[in-house]
>>> print(open('model27.csv').read())   # CSV, C-alpha atoms
chain,number,residue,atom,x,y,z
A,1,MET,CA,0.0,0.0,0.0
A,2,ILE,CA,1.3,3.4,-0.9
A,3,GLU,CA,0.5,6.2,1.5
A,4,PRO,CA,1.9,9.6,2.5
A,5,LEU,CA,4.7,9.7,5.1
A,6,HIS,CA,3.3,9.2,8.6
A,7,ASN,CA,3.2,12.0,11.2
A,8,PHE,CA,3.3,14.9,8.7
A,9,PRO,CA,0.4,17.0,7.6
A,10,VAL,CA,-0.8,16.0,4.1
A,11,GLN,CA,-1.0,18.8,1.6
A,12,LYS,CA,-2.5,16.7,-1.2
A,13,ASP,CA,-2.3,13.0,-2.3
A,14,LEU,CA,1.3,11.9,-1.3
A,15,VAL,CA,2.7,15.4,-0.6
A,16,VAL,CA,3.4,16.2,3.0
A,17,ASP,CA,4.5,19.5,4.7
A,18,ILE,CA,8.0,19.1,5.9
A,19,GLY,CA,8.5,22.7,7.3
A,20,GLY,CA,8.7,21.5,10.9
A,21,PHE,CA,11.4,19.0,10.1
A,22,MET,CA,13.5,21.6,8.3
A,23,GLU,CA,13.3,24.0,11.2
A,24,LYS,CA,14.5,21.4,13.6
A,25,LEU,CA,17.6,20.7,11.5
A,26,VAL,CA,18.7,24.3,11.8
A,27,ARG,CA,17.8,24.6,15.4
A,28,VAL,CA,20.6,22.2,16.6
A,29,GLU,CA,23.3,24.6,15.1
A,30,PRO,CA,24.7,22.1,12.7
A,31,TRP,CA,28.0,23.9,12.0
A,32,ILE,CA,31.5,24.1,13.5
A,33,ILE,CA,31.4,26.4,16.5
A,34,ARG,CA,34.7,27.8,17.6
A,35,GLU,CA,35.7,30.0,20.6
A,36,ARG,CA,37.8,31.9,18.1
A,37,GLU,CA,37.7,31.5,14.4
A,38,ARG,CA,41.0,30.9,12.7
A,39,ALA,CA,42.1,33.6,10.2
A,40,LEU,CA,42.5,32.3,6.6
A,41,GLU,CA,46.3,32.6,6.8
A,42,GLU,CA,46.4,30.1,9.7
A,43,GLY,CA,45.2,27.4,7.4
A,44,GLU,CA,42.6,24.7,7.7
A,45,TYR,CA,41.5,22.8,10.8
A,46,PRO,CA,43.3,19.4,10.4
A,47,GLN,CA,41.5,16.2,11.3
A,48,LYS,CA,42.9,12.7,11.5
A,49,PRO,CA,41.1,9.7,10.1
A,50,GLU,CA,40.4,8.4,13.6
A,51,GLU,CA,38.7,11.7,14.5
A,52,LEU,CA,36.6,11.5,11.3
A,53,GLU,CA,35.6,7.9,12.2
A,54,LYS,CA,34.0,9.1,15.5
A,55,TYR,CA,31.2,11.0,13.8
A,56,ASP,CA,31.2,9.6,10.2
A,57,GLN,CA,28.1,7.3,10.6
A,58,PHE,CA,26.0,10.2,12.0
A,59,SER,CA,26.8,12.4,9.0
A,60,ALA,CA,25.3,10.0,6.5
A,61,CYS,CA,21.7,11.3,7.0
A,62,ILE,CA,19.9,12.1,3.7
A,63,ASN,CA,17.0,13.8,5.3
A,64,CYS,CA,14.5,11.2,4.0
A,65,MET,CA,12.4,11.6,7.2
A,66,LEU,CA,11.6,7.9,7.5
A,67,CYS,CA,12.7,8.0,11.1
A,68,TYR,CA,10.2,10.8,11.9
A,69,ALA,CA,7.5,8.7,10.2
A,70,ALA,CA,8.4,5.7,12.3
A,71,CYS,CA,8.7,7.5,15.7
A,72,PRO,CA,5.6,7.1,18.0
A,73,VAL,CA,6.9,9.9,20.3
A,74,PHE,CA,7.0,12.3,17.3
A,75,ALA,CA,3.5,11.0,16.3
A,76,ALA,CA,2.2,12.1,19.7
A,77,ASP,CA,4.2,15.3,20.0
A,78,LYS,CA,5.2,17.2,16.9
A,79,GLU,CA,7.5,19.4,19.0
A,80,PHE,CA,9.8,16.4,19.7
A,81,ILE,CA,13.3,17.2,18.3
A,82,GLY,CA,13.3,13.7,16.6
A,83,PRO,CA,16.0,11.3,15.4
A,84,ALA,CA,17.5,13.1,12.3
A,85,ALA,CA,17.9,16.5,14.0
A,86,ALA,CA,19.4,14.8,17.1
A,87,ALA,CA,21.8,12.7,15.0
A,88,LEU,CA,22.8,15.8,13.1
A,89,GLY,CA,23.5,17.8,16.3
A,90,PHE,CA,25.4,14.9,17.8
A,91,ARG,CA,27.5,14.6,14.7
A,92,TYR,CA,28.8,18.1,15.4
A,93,ASN,CA,29.3,17.4,19.1
A,94,LEU,CA,31.6,14.5,18.0
A,95,ASP,CA,33.5,16.6,15.5
A,96,SER,CA,37.0,17.3,16.8
A,97,ARG,CA,37.0,20.7,15.1
A,98,ASP,CA,33.9,21.8,17.0
A,99,GLU,CA,34.0,23.5,20.4
A,100,GLY,CA,30.2,24.0,20.9
A,101,ALA,CA,29.2,20.7,22.4
A,102,ASN,CA,28.0,22.2,25.7
A,103,GLU,CA,25.7,24.8,24.2
A,104,ARG,CA,24.5,22.3,21.6
A,105,LEU,CA,23.8,19.7,24.3
A,106,ASP,CA,21.4,22.3,25.9
A,107,LEU,CA,19.7,22.8,22.5
A,108,LEU,CA,19.4,19.0,22.0
A,109,THR,CA,17.9,18.3,25.4
A,110,GLY,CA,15.8,21.4,26.0
A,111,GLY,CA,12.0,21.6,25.4
A,112,ALA,CA,10.7,18.4,23.8
A,113,GLY,CA,14.3,17.3,23.4
A,114,ALA,CA,16.4,14.1,23.5
A,115,PHE,CA,15.0,13.1,26.9
A,116,ASP,CA,11.5,12.6,25.4
A,117,CYS,CA,12.9,9.7,23.5
A,118,THR,CA,11.8,6.4,25.0
A,119,PHE,CA,14.2,4.3,22.9
A,120,VAL,CA,11.5,2.6,20.8
A,121,GLY,CA,14.4,2.2,18.3
A,122,GLU,CA,12.3,2.1,15.1
A,123,CYS,CA,14.1,5.1,13.7
A,124,SER,CA,17.3,3.2,13.4
A,125,ILE,CA,15.6,0.2,12.0
A,126,VAL,CA,14.0,2.1,9.1
A,127,CYS,CA,17.0,4.3,8.4
A,128,PRO,CA,18.3,3.5,4.9
A,129,LYS,CA,21.8,4.8,5.6
A,130,ASN,CA,22.5,3.1,8.9
A,131,VAL,CA,22.9,6.4,10.7
A,132,ASP,CA,21.5,4.8,13.9
A,133,PRO,CA,19.8,7.9,15.3
A,134,ALA,CA,18.5,5.9,18.3
A,135,LEU,CA,22.1,5.4,19.4
A,136,ALA,CA,22.8,9.2,18.9
A,137,LEU,CA,19.8,10.0,21.1
A,138,GLN,CA,20.9,7.6,23.9
A,139,ARG,CA,24.4,8.9,23.8
A,140,ILE,CA,23.1,12.5,24.0
A,141,LYS,CA,21.3,11.5,27.2
A,142,ILE,CA,24.4,9.9,28.6
A,143,ASP,CA,26.5,13.0,27.7
A,144,ALA,CA,24.0,15.3,29.3
A,145,ALA,CA,23.8,13.1,32.4
A,146,VAL,CA,27.6,13.0,32.8
A,147,THR,CA,28.1,16.8,32.2
A,148,SER,CA,25.2,17.5,34.6
A,149,LEU,CA,26.9,15.4,37.3
A,150,LYS,CA,30.2,17.1,36.7
A,151,SER,CA,28.7,20.6,36.9
A,152,ILE,CA,26.9,19.7,40.2
A,153,MET,CA,30.1,18.4,41.7
A,154,ARG,CA,31.9,21.5,40.6
A,155,ARG,CA,29.3,23.7,42.3
A,156,GLY,CA,29.7,21.7,45.4
A,157,LYS,CA,33.3,22.6,45.8
B,1,MET,CA,31.6,29.5,24.9
B,2,LYS,CA,28.3,29.3,26.7
B,3,GLU,CA,28.8,26.9,29.6
B,4,THR,CA,25.1,26.7,30.4
B,5,LYS,CA,23.4,23.7,31.8
B,6,SER,CA,19.8,24.8,31.7
B,7,LYS,CA,17.7,23.8,34.7
B,8,GLN,CA,15.5,21.6,32.6
B,9,THR,CA,18.4,19.7,31.2
B,10,LEU,CA,19.9,19.2,34.7
B,11,PHE,CA,16.6,17.9,36.1
B,12,GLU,CA,15.9,15.6,33.1
B,13,ALA,CA,19.5,14.3,33.1
B,14,ILE,CA,19.5,13.4,36.8
B,15,ASP,CA,16.0,11.9,36.6
B,16,TRP,CA,17.1,9.8,33.6
B,17,GLY,CA,20.3,8.8,35.4
B,18,ILE,CA,18.4,7.4,38.4
B,19,PHE,CA,15.8,5.9,36.0
B,20,SER,CA,18.6,4.0,34.3
B,21,ILE,CA,20.1,2.7,37.5
B,22,GLY,CA,16.6,1.7,38.7
B,23,GLY,CA,16.1,-0.1,35.4
B,24,ILE,CA,19.2,-2.3,36.0
B,25,ILE,CA,18.2,-3.0,39.6
B,26,ALA,CA,14.6,-3.9,38.6
B,27,ALA,CA,15.7,-6.0,35.6
B,28,PHE,CA,18.0,-8.2,37.6
B,29,LEU,CA,16.4,-8.2,41.1
B,30,LEU,CA,12.7,-7.7,40.8
B,31,PRO,CA,11.5,-11.1,39.3
B,32,ALA,CA,13.1,-13.1,42.2
B,33,ASN,CA,11.5,-10.8,44.7
B,34,ILE,CA,8.1,-11.3,43.3
B,35,ILE,CA,8.5,-15.1,43.1
B,36,VAL,CA,9.7,-15.3,46.7
B,37,THR,CA,7.5,-12.7,48.4
B,38,LEU,CA,4.2,-13.5,46.6
B,39,LEU,CA,4.3,-16.9,45.0
B,40,LEU,CA,6.5,-18.6,47.6
B,41,GLN,CA,4.6,-16.6,50.2
B,42,GLN,CA,7.7,-15.5,52.2
B,43,PRO,CA,7.6,-11.7,52.3
B,44,ILE,CA,9.8,-11.4,55.4
B,45,PRO,CA,13.6,-11.6,54.9
B,46,ASN,CA,14.8,-14.7,56.7
B,47,GLY,CA,18.1,-15.5,55.2
B,48,PRO,CA,21.7,-15.0,56.4
B,49,LEU,CA,21.5,-11.3,55.3
B,50,ALA,CA,18.5,-10.8,57.6
B,51,SER,CA,20.8,-11.2,60.6
B,52,LEU,CA,22.2,-7.8,59.5
B,53,PRO,CA,18.8,-6.0,59.6
B,54,ALA,CA,20.2,-2.7,58.5
B,55,LEU,CA,21.8,-4.2,55.4
B,56,SER,CA,18.7,-6.2,54.4
B,57,LYS,CA,16.5,-3.1,54.9
B,58,LEU,CA,18.9,-1.0,52.9
B,59,TYR,CA,18.8,-3.6,50.1
B,60,LEU,CA,15.0,-3.7,50.0
B,61,PHE,CA,14.8,0.1,50.2
B,62,LEU,CA,17.2,0.6,47.2
B,63,LEU,CA,15.4,-2.2,45.3
B,64,LEU,CA,11.9,-0.8,45.8
B,65,VAL,CA,12.8,2.9,45.4
B,66,GLY,CA,15.0,2.2,42.3
B,67,ALA,CA,12.2,0.2,40.7
B,68,ALA,CA,9.6,2.8,41.6
B,69,TRP,CA,11.7,5.6,40.2
B,70,HIS,CA,12.2,3.7,37.0
B,71,ALA,CA,8.5,2.9,36.7
B,72,MET,CA,7.4,6.4,37.5
B,73,HIS,CA,9.7,7.9,34.9
B,74,ARG,CA,8.3,5.5,32.3
B,75,ILE,CA,4.7,6.4,33.3
B,76,ARG,CA,5.5,10.1,32.9
B,77,PHE,CA,6.6,9.4,29.3
B,78,VAL,CA,3.7,7.1,28.6
B,79,LEU,CA,1.4,10.0,29.6
B,80,TYR,CA,3.4,12.3,27.2
B,81,GLY,CA,2.8,9.6,24.5
B,82,PHE,CA,-0.9,10.1,25.0
B,83,GLY,CA,-0.8,13.8,24.3
B,84,LEU,CA,-0.1,15.1,27.8
B,85,SER,CA,3.3,16.5,26.8
B,86,ARG,CA,1.6,19.9,26.4
B,87,TYR,CA,1.1,19.9,30.1
B,88,ARG,CA,4.7,19.0,30.7
B,89,ARG,CA,5.2,20.9,34.0
B,90,GLY,CA,1.9,19.6,35.5
B,91,VAL,CA,2.6,16.0,34.6
B,92,THR,CA,6.2,16.2,35.8
B,93,ALA,CA,5.1,17.8,39.1
B,94,ALA,CA,2.4,15.2,39.6
B,95,THR,CA,4.6,12.2,38.9
B,96,MET,CA,7.4,13.6,41.1
B,97,VAL,CA,5.0,14.2,43.9
B,98,ALA,CA,3.6,10.7,43.6
B,99,LEU,CA,7.2,9.3,43.6
B,100,ALA,CA,8.1,11.4,46.7
B,101,LEU,CA,5.1,10.0,48.5
B,102,ILE,CA,6.1,6.4,47.7
B,103,ILE,CA,9.7,7.1,48.9
B,104,LEU,CA,8.4,8.6,52.1
B,105,PHE,CA,6.1,5.6,52.6
B,106,ALA,CA,9.1,3.3,52.1
B,107,LEU,CA,11.2,5.3,54.6
B,108,GLU,CA,8.4,5.0,57.1
B,109,VAL,CA,8.0,1.3,56.6
B,110,PHE,CA,11.7,0.5,56.9
B,111,SER,CA,12.5,2.8,59.7
B,112,SER,CA,10.0,1.2,62.0
B,113,LEU,CA,10.5,-2.4,61.0
C,1,MET,CA,-4.1,20.4,5.3
C,2,LYS,CA,-5.3,17.2,6.9
C,3,GLU,CA,-3.8,16.3,10.3
C,4,PRO,CA,-3.0,12.6,10.3
C,5,SER,CA,-4.0,10.3,13.2
C,6,SER,CA,-1.4,10.1,15.9
C,7,TYR,CA,-2.0,6.5,16.9
C,8,TRP,CA,-1.6,4.6,13.7
C,9,TRP,CA,1.2,2.7,15.5
C,10,LEU,CA,-1.2,1.1,18.0
C,11,ARG,CA,-2.2,-1.3,15.1
C,12,ARG,CA,1.3,-2.6,14.4
C,13,ARG,CA,2.6,-5.6,16.3
C,14,LYS,CA,6.1,-4.2,16.8
C,15,TYR,CA,4.8,-1.1,18.4
C,16,ILE,CA,2.3,-3.0,20.6
C,17,ALA,CA,5.2,-5.0,21.9
C,18,ILE,CA,7.0,-1.8,22.9
C,19,PHE,CA,3.8,-0.3,24.3
C,20,LEU,CA,3.5,-3.3,26.5
C,21,ARG,CA,7.1,-2.8,27.6
C,22,GLU,CA,6.3,0.7,28.7
C,23,LEU,CA,3.1,-0.6,30.4
C,24,SER,CA,5.2,-3.0,32.4
C,25,SER,CA,6.1,0.1,34.5
C,26,VAL,CA,2.5,0.2,35.9
C,27,PHE,CA,2.8,-3.4,37.1
C,28,ILE,CA,6.3,-2.8,38.6
C,29,LEU,CA,5.0,0.2,40.5
C,30,SER,CA,2.0,-1.9,41.6
C,31,TYR,CA,4.3,-4.5,43.1
C,32,VAL,CA,6.4,-1.9,44.9
C,33,LEU,CA,3.2,-0.5,46.5
C,34,LEU,CA,1.8,-3.9,47.2
C,35,TYR,CA,5.0,-5.1,48.9
C,36,LEU,CA,5.3,-1.9,51.0
C,37,LEU,CA,1.6,-2.4,52.1
C,38,ILE,CA,2.3,-6.0,53.0
C,39,LEU,CA,5.3,-5.0,55.1
C,40,ALA,CA,3.5,-2.1,56.7
C,41,GLN,CA,0.5,-4.4,57.6
C,42,LEU,CA,2.7,-7.2,59.0
C,43,GLU,CA,4.5,-4.6,61.1
C,44,SER,CA,1.3,-3.5,62.7
C,45,GLY,CA,0.2,-7.0,63.4
C,46,GLY,CA,-2.4,-7.4,60.6
C,47,ARG,CA,-2.5,-10.4,58.3
C,48,GLY,CA,-5.2,-9.3,55.9
C,49,LEU,CA,-3.0,-9.3,52.8
C,50,VAL,CA,-0.9,-12.2,53.7
C,51,SER,CA,-3.9,-14.4,54.3
C,52,GLN,CA,-4.9,-13.8,50.7
C,53,PHE,CA,-1.6,-15.2,49.3
C,54,ALA,CA,-3.0,-18.7,48.5
C,55,THR,CA,-6.2,-17.5,46.9
C,56,VAL,CA,-6.7,-17.9,43.2
C,57,PRO,CA,-7.2,-14.2,42.4
C,58,PHE,CA,-4.0,-13.3,44.3
C,59,VAL,CA,-2.0,-16.0,42.6
C,60,GLY,CA,-3.3,-14.7,39.3
C,61,LEU,CA,-2.2,-11.2,40.3
C,62,SER,CA,1.2,-12.4,41.4
C,63,ILE,CA,1.7,-14.3,38.1
C,64,THR,CA,0.7,-11.2,36.2
C,65,LEU,CA,3.1,-9.0,38.1
C,66,LEU,CA,5.9,-11.6,37.5
C,67,THR,CA,5.1,-11.8,33.8
C,68,PHE,CA,5.4,-8.1,33.3
C,69,SER,CA,8.5,-7.9,35.5
C,70,LEU,CA,10.2,-10.6,33.4
C,71,TYR,CA,9.1,-8.8,30.2
C,72,HIS,CA,10.7,-5.7,31.5
C,73,SER,CA,13.9,-7.6,32.2
C,74,VAL,CA,14.0,-9.2,28.8
C,75,THR,CA,13.3,-6.0,26.9
C,76,TRP,CA,15.9,-4.2,29.0
C,77,PHE,CA,18.5,-6.8,28.2
C,78,LEU,CA,17.7,-6.4,24.5
C,79,LEU,CA,18.0,-2.6,24.6
C,80,LEU,CA,21.3,-2.1,26.5
C,81,PRO,CA,23.6,-3.9,24.0
C,82,ARG,CA,22.4,-1.5,21.3
C,83,ILE,CA,24.1,1.3,23.3
C,84,GLN,CA,27.1,-0.5,24.7
C,85,PRO,CA,27.8,-3.9,23.0
C,86,MET,CA,28.6,-6.7,25.5
C,87,LYS,CA,32.0,-8.2,25.3
C,88,ILE,CA,33.7,-11.2,26.7
C,89,GLY,CA,37.4,-10.4,26.4
C,90,LYS,CA,37.6,-9.1,22.8
C,91,VAL,CA,34.6,-11.0,21.4
C,92,VAL,CA,31.5,-8.9,20.9
C,93,LEU,CA,28.3,-10.8,21.8
C,94,SER,CA,25.4,-10.8,19.3
C,95,GLY,CA,22.0,-9.5,20.5
C,96,LYS,CA,20.8,-13.0,21.2
C,97,LEU,CA,24.0,-14.1,23.1
C,98,ALA,CA,24.0,-10.9,25.1
C,99,LEU,CA,20.3,-11.6,26.1
C,100,ILE,CA,21.3,-15.2,27.2
C,101,ALA,CA,24.2,-13.9,29.1
C,102,ASN,CA,22.1,-11.4,31.0
C,103,LEU,CA,19.4,-13.9,31.6
C,104,GLY,CA,22.1,-16.1,33.2
C,105,GLY,CA,23.0,-13.2,35.4
C,106,LEU,CA,19.3,-12.8,36.3
C,107,VAL,CA,19.1,-16.4,37.3
C,108,VAL,CA,22.3,-16.2,39.5
C,109,ALA,CA,21.1,-13.0,41.1
C,110,SER,CA,17.7,-14.5,41.8
C,111,LEU,CA,19.2,-17.6,43.5
C,112,LEU,CA,21.5,-15.3,45.6
C,113,ILE,CA,18.6,-13.1,46.7
C,114,ALA,CA,16.2,-16.0,47.4
C,115,SER,CA,18.8,-17.7,49.6
C,116,LEU,CA,20.8,-14.9,51.2
C,117,VAL,CA,18.0,-12.4,51.7
C,118,TYR,CA,14.9,-14.5,52.1
C,119,GLY,CA,16.3,-17.8,53.4
C,120,VAL,CA,14.6,-19.9,50.7
C,121,GLN,CA,16.2,-23.4,50.7
C,122,ILE,CA,17.5,-24.0,47.3
C,123,PRO,CA,17.3,-27.8,46.6
C,124,SER,CA,20.8,-29.0,45.6
C,125,GLY,CA,19.5,-32.1,43.8
C,126,ARG,CA,21.0,-34.6,46.3
>>> encode(input="model27.csv", output="structure tokens")
Amino acid sequence: MIEPLHNFPVQKDLVVDIGGFMEKLVRVEPWIIRERERALEEGEYPQKPEELEKYDQFSACINCMLCYAACPVFAADKEFIGPAAAALGFRYNLDSRDEGANERLDLLTGGAGAFDCTFVGECSIVCPKNVDPALALQRIKIDAAVTSLKSIMRRGK
Amino acid sequence: MKETKSKQTLFEAIDWGIFSIGGIIAAFLLPANIIVTLLLQQPIPNGPLASLPALSKLYLFLLLVGAAWHAMHRIRFVLYGFGLSRYRRGVTAATMVALALIILFALEVFSSL
Amino acid sequence: MKEPSSYWWLRRRKYIAIFLRELSSVFILSYVLLYLLILAQLESGGRGLVSQFATVPFVGLSITLLTFSLYHSVTWFLLLPRIQPMKIGKVVLSGKLALIANLGGLVVASLLIASLVYGVQIPSGR
């Protein structure tokens, strides 16, 4: 049976409105954040193959939105940040050239963020590029928990 | 660089952390407890560990509170799944209050045993 | 624009299995409350709840609680390796093997609790 993508408003026939999805992609600040940008003369930001390896799988997303169509949390709450946006944000947190992980973590977990995920896991199963966004979401939760614990211990001193 | 940890993130992260620990506790320890206490009809600890009452009470307290925290967290998100996520603060407050009451009940039971 | 139904997934088996997994939390919470009530009652000298232990409805309830507790355990053991694969030395265990290993741990933990905490005599087959 052919039907329009689940969880998105249908404009007509098989065409759905993807505006909400596009907005979420931008919201996670998917670009290299630096404390201080290098001047052009200082050259490029070098990256070793092992460093690329860390985020490579999460950069494979083709924005097909099958993960959003499969997610029951998104079905119930269209504000949920969702798998693809979370994986995209996480990709930048893992990038050795990026220095914005802390602020991005707040963006990823705030509002109806990563903690709304209940690890149904269907997103990773339907992903045609093996991005494994479910893994990204759980690792975001772990990162947030670890940095929260650290910041509490720091305040205690 | 903004080193913010918003209050919401902090709260959710700690809640999730305890939820995870509670999940491990419940997964490994709860089935045996149900079998022994209900099906084998022996709710009172009577083994070697019971000769150290503080230890067996602590064990039961951690088991029950861990399992309760895990369950209550899941219930909160089931409620979100049924559309109540727009009343996020209210649902969170209600489930945390209910959890607090259960913890107080457990404290009361184990302190006077 | 037509807003689609939010609960299409309630009709798919995979999602129902996960919904039941989430629902197990209600039964886990029920057991916690039930056990606390039993302890509180015994402490004050009452035996109302304990006297029901052998009745059919109570056994039915106990089996239901146990079933959902085990379902919680199994689904938990299936989830965790997807975040952190289980290893024995350098060998990564497959999902099924990791489940079996964890179930083994569950059995060992159960025997330990039953005997050490509750004093249940574990028959040694002699």
>>> interface_residues(input="model27.csv", of="chain B", to="chain A", cutoff="10 Å", atoms="all atoms listed in the file", output="MDAnalysis selection string")
chainID B and resid 1:18 74 76:78 80:86 88
>>> closest_residue(input="model27.csv", among="C:Arg82, C:Lys87, C:Arg11, C:Arg47", to="chain A", atoms="only C-alpha atoms")
C:Arg82
>>> residues_near_point(input="model27.csv", point="(10.4, 6.7, 44.3)", cutoff="7 Å", atoms="all atoms listed in the file", output="PyMOL selection string")
chain B and resi 65-66+68-69+99-100+102-103
>>> write_last_selection(input="model27.csv", atoms="C-alpha atoms", output="PDB file, in the frame of the given file")
ATOM      1  CA  VAL B  65      12.800   2.900  45.400  1.00  0.00           C
ATOM      2  CA  GLY B  66      15.000   2.200  42.300  1.00  0.00           C
ATOM      3  CA  ALA B  68       9.600   2.800  41.600  1.00  0.00           C
ATOM      4  CA  TRP B  69      11.700   5.600  40.200  1.00  0.00           C
ATOM      5  CA  LEU B  99       7.200   9.300  43.600  1.00  0.00           C
ATOM      6  CA  ALA B 100       8.100  11.400  46.700  1.00  0.00           C
ATOM      7  CA  ILE B 102       6.100   6.400  47.700  1.00  0.00           C
ATOM      8  CA  ILE B 103       9.700   7.100  48.900  1.00  0.00           C
TER       9      ILE B 103
END
>>> residues_around(input="model27.csv", residues="range 32-37 of chain B", least_positions_apart="3", cutoff="10 Å", atoms="only C-alpha atoms", output="number ranges by chain")
B: 26, 28-29, 40-45, 60, 63; C: 28, 31-32, 35, 38, 50, 53, 62-63, 65-67, 69-70, 106-107, 109-115, 117-120
>>> interface_residues(input="model27.csv", of="chain A", to="chain C", cutoff="12 Å", atoms="only C-alpha atoms", output="number ranges by chain")
A: 3-17, 69-78, 118-122, 124-125, 132-142
>>> write_last_selection(input="model27.csv", atoms="C-alpha atoms", output="mmCIF file, in the coordinates of the input")
data_model
loop_
_atom_site.group_PDB
_atom_site.id
_atom_site.type_symbol
_atom_site.label_atom_id
_atom_site.label_comp_id
_atom_site.auth_asym_id
_atom_site.auth_seq_id
_atom_site.Cartn_x
_atom_site.Cartn_y
_atom_site.Cartn_z
ATOM 1 C CA GLU A 3 0.500 6.200 1.500
ATOM 2 C CA PRO A 4 1.900 9.600 2.500
ATOM 3 C CA LEU A 5 4.700 9.700 5.100
ATOM 4 C CA HIS A 6 3.300 9.200 8.600
ATOM 5 C CA ASN A 7 3.200 12.000 11.200
ATOM 6 C CA PHE A 8 3.300 14.900 8.700
ATOM 7 C CA PRO A 9 0.400 17.000 7.600
ATOM 8 C CA VAL A 10 -0.800 16.000 4.100
ATOM 9 C CA GLN A 11 -1.000 18.800 1.600
ATOM 10 C CA LYS A 12 -2.500 16.700 -1.200
ATOM 11 C CA ASP A 13 -2.300 13.000 -2.300
ATOM 12 C CA LEU A 14 1.300 11.900 -1.300
ATOM 13 C CA VAL A 15 2.700 15.400 -0.600
ATOM 14 C CA VAL A 16 3.400 16.200 3.000
ATOM 15 C CA ASP A 17 4.500 19.500 4.700
ATOM 16 C CA ALA A 69 7.500 8.700 10.200
ATOM 17 C CA ALA A 70 8.400 5.700 12.300
ATOM 18 C CA CYS A 71 8.700 7.500 15.700
ATOM 19 C CA PRO A 72 5.600 7.100 18.000
ATOM 20 C CA VAL A 73 6.900 9.900 20.300
ATOM 21 C CA PHE A 74 7.000 12.300 17.300
ATOM 22 C CA ALA A 75 3.500 11.000 16.300
ATOM 23 C CA ALA A 76 2.200 12.100 19.700
ATOM 24 C CA ASP A 77 4.200 15.300 20.000
ATOM 25 C CA LYS A 78 5.200 17.200 16.900
ATOM 26 C CA THR A 118 11.800 6.400 25.000
ATOM 27 C CA PHE A 119 14.200 4.300 22.900
ATOM 28 C CA VAL A 120 11.500 2.600 20.800
ATOM 29 C CA GLY A 121 14.400 2.200 18.300
ATOM 30 C CA GLU A 122 12.300 2.100 15.100
ATOM 31 C CA SER A 124 17.300 3.200 13.400
ATOM 32 C CA ILE A 125 15.600 0.200 12.000
ATOM 33 C CA ASP A 132 21.500 4.800 13.900
ATOM 34 C CA PRO A 133 19.800 7.900 15.300
ATOM 35 C CA ALA A 134 18.500 5.900 18.300
ATOM 36 C CA LEU A 135 22.100 5.400 19.400
ATOM 37 C CA ALA A 136 22.800 9.200 18.900
ATOM 38 C CA LEU A 137 19.800 10.000 21.100
ATOM 39 C CA GLN A 138 20.900 7.600 23.900
ATOM 40 C CA ARG A 139 24.400 8.900 23.800
ATOM 41 C CA ILE A 140 23.100 12.500 24.000
ATOM 42 C CA LYS A 141 21.300 11.500 27.200
ATOM 43 C CA ILE A 142 24.400 9.900 28.600
#
>>> closest_residue(input="model27.csv", among="C:Ile122, C:Ala101, C:Val26, C:Leu33", to="Phe68 in chain C", atoms="only C-alpha atoms")
C:Val26
>>> closest_residue(input="model27.csv", among="C:Gly46, C:Gly95, C:Gly60, C:Pro123", to="chain B", atoms="all atoms listed in the file")
C:Gly60
>>> closest_residue(input="model27.csv", among="C:Ile100, C:Leu20, C:Val59, C:Ile88", to="chain B", atoms="only C-alpha atoms")
C:Val59
>>> closest_residue(input="model27.csv", among="C:Ala98, C:Leu34, C:Val92, C:Leu116", to="chain B", atoms="only C-alpha atoms")
C:Leu116
>>> closest_residue(input="model27.csv", among="B:Pro48, B:Gly22, B:Pro53, B:Gly90", to="chain C", atoms="all atoms listed in the file")
B:Pro48
>>> residues_around(input="model27.csv", residues="Ala87 in chain A", least_positions_apart="2", cutoff="7 Å", atoms="all atoms listed in the file", output="ChimeraX atom specification")
/A:58,83-85,89-91,133,136-137
>>> atom_distance(input="model27.csv", atom1="CA of Tyr55 in chain A", atom2="CA of Tyr92 in chain A")
7.7 Å
>>> atom_distance(input="model27.csv", atom1="CA of Ala86 in chain A", atom2="CA of Ala93 in chain B")
26.4 Å
>>> atom_distance(input="model27.csv", atom1="CA of Val91 in chain B", atom2="CA of Ala27 in chain B")
25.6 Å
>>> build_atoms(input="model27.csv", residues="range 117-123 of chain A", atoms="N, CA and C atoms", output="PDB file, keeping the file's coordinate frame")
ATOM      1  N   CYS A 117      12.763  10.974  24.177  1.00  0.00           N
ATOM      2  CA  CYS A 117      12.900   9.700  23.500  1.00  0.00           C
ATOM      3  C   CYS A 117      12.785   8.558  24.461  1.00  0.00           C
ATOM      4  N   THR A 118      11.979   7.543  24.106  1.00  0.00           N
ATOM      5  CA  THR A 118      11.800   6.400  25.000  1.00  0.00           C
ATOM      6  C   THR A 118      12.471   5.140  24.401  1.00  0.00           C
ATOM      7  N   PHE A 119      13.398   5.365  23.463  1.00  0.00           N
ATOM      8  CA  PHE A 119      14.200   4.300  22.900  1.00  0.00           C
ATOM      9  C   PHE A 119      13.256   3.173  22.320  1.00  0.00           C
ATOM     10  N   VAL A 120      12.310   3.581  21.521  1.00  0.00           N
ATOM     11  CA  VAL A 120      11.500   2.600  20.800  1.00  0.00           C
ATOM     12  C   VAL A 120      12.451   1.913  19.784  1.00  0.00           C
ATOM     13  N   GLY A 121      13.305   2.720  19.132  1.00  0.00           N
ATOM     14  CA  GLY A 121      14.400   2.200  18.300  1.00  0.00           C
ATOM     15  C   GLY A 121      13.959   1.968  16.830  1.00  0.00           C
ATOM     16  N   GLU A 122      12.694   2.286  16.485  1.00  0.00           N
ATOM     17  CA  GLU A 122      12.300   2.100  15.100  1.00  0.00           C
ATOM     18  C   GLU A 122      12.997   2.978  14.135  1.00  0.00           C
ATOM     19  N   CYS A 123      13.391   4.165  14.612  1.00  0.00           N
ATOM     20  CA  CYS A 123      14.100   5.100  13.700  1.00  0.00           C
ATOM     21  C   CYS A 123      15.312   4.475  13.107  1.00  0.00           C
TER      22      CYS A 123
END
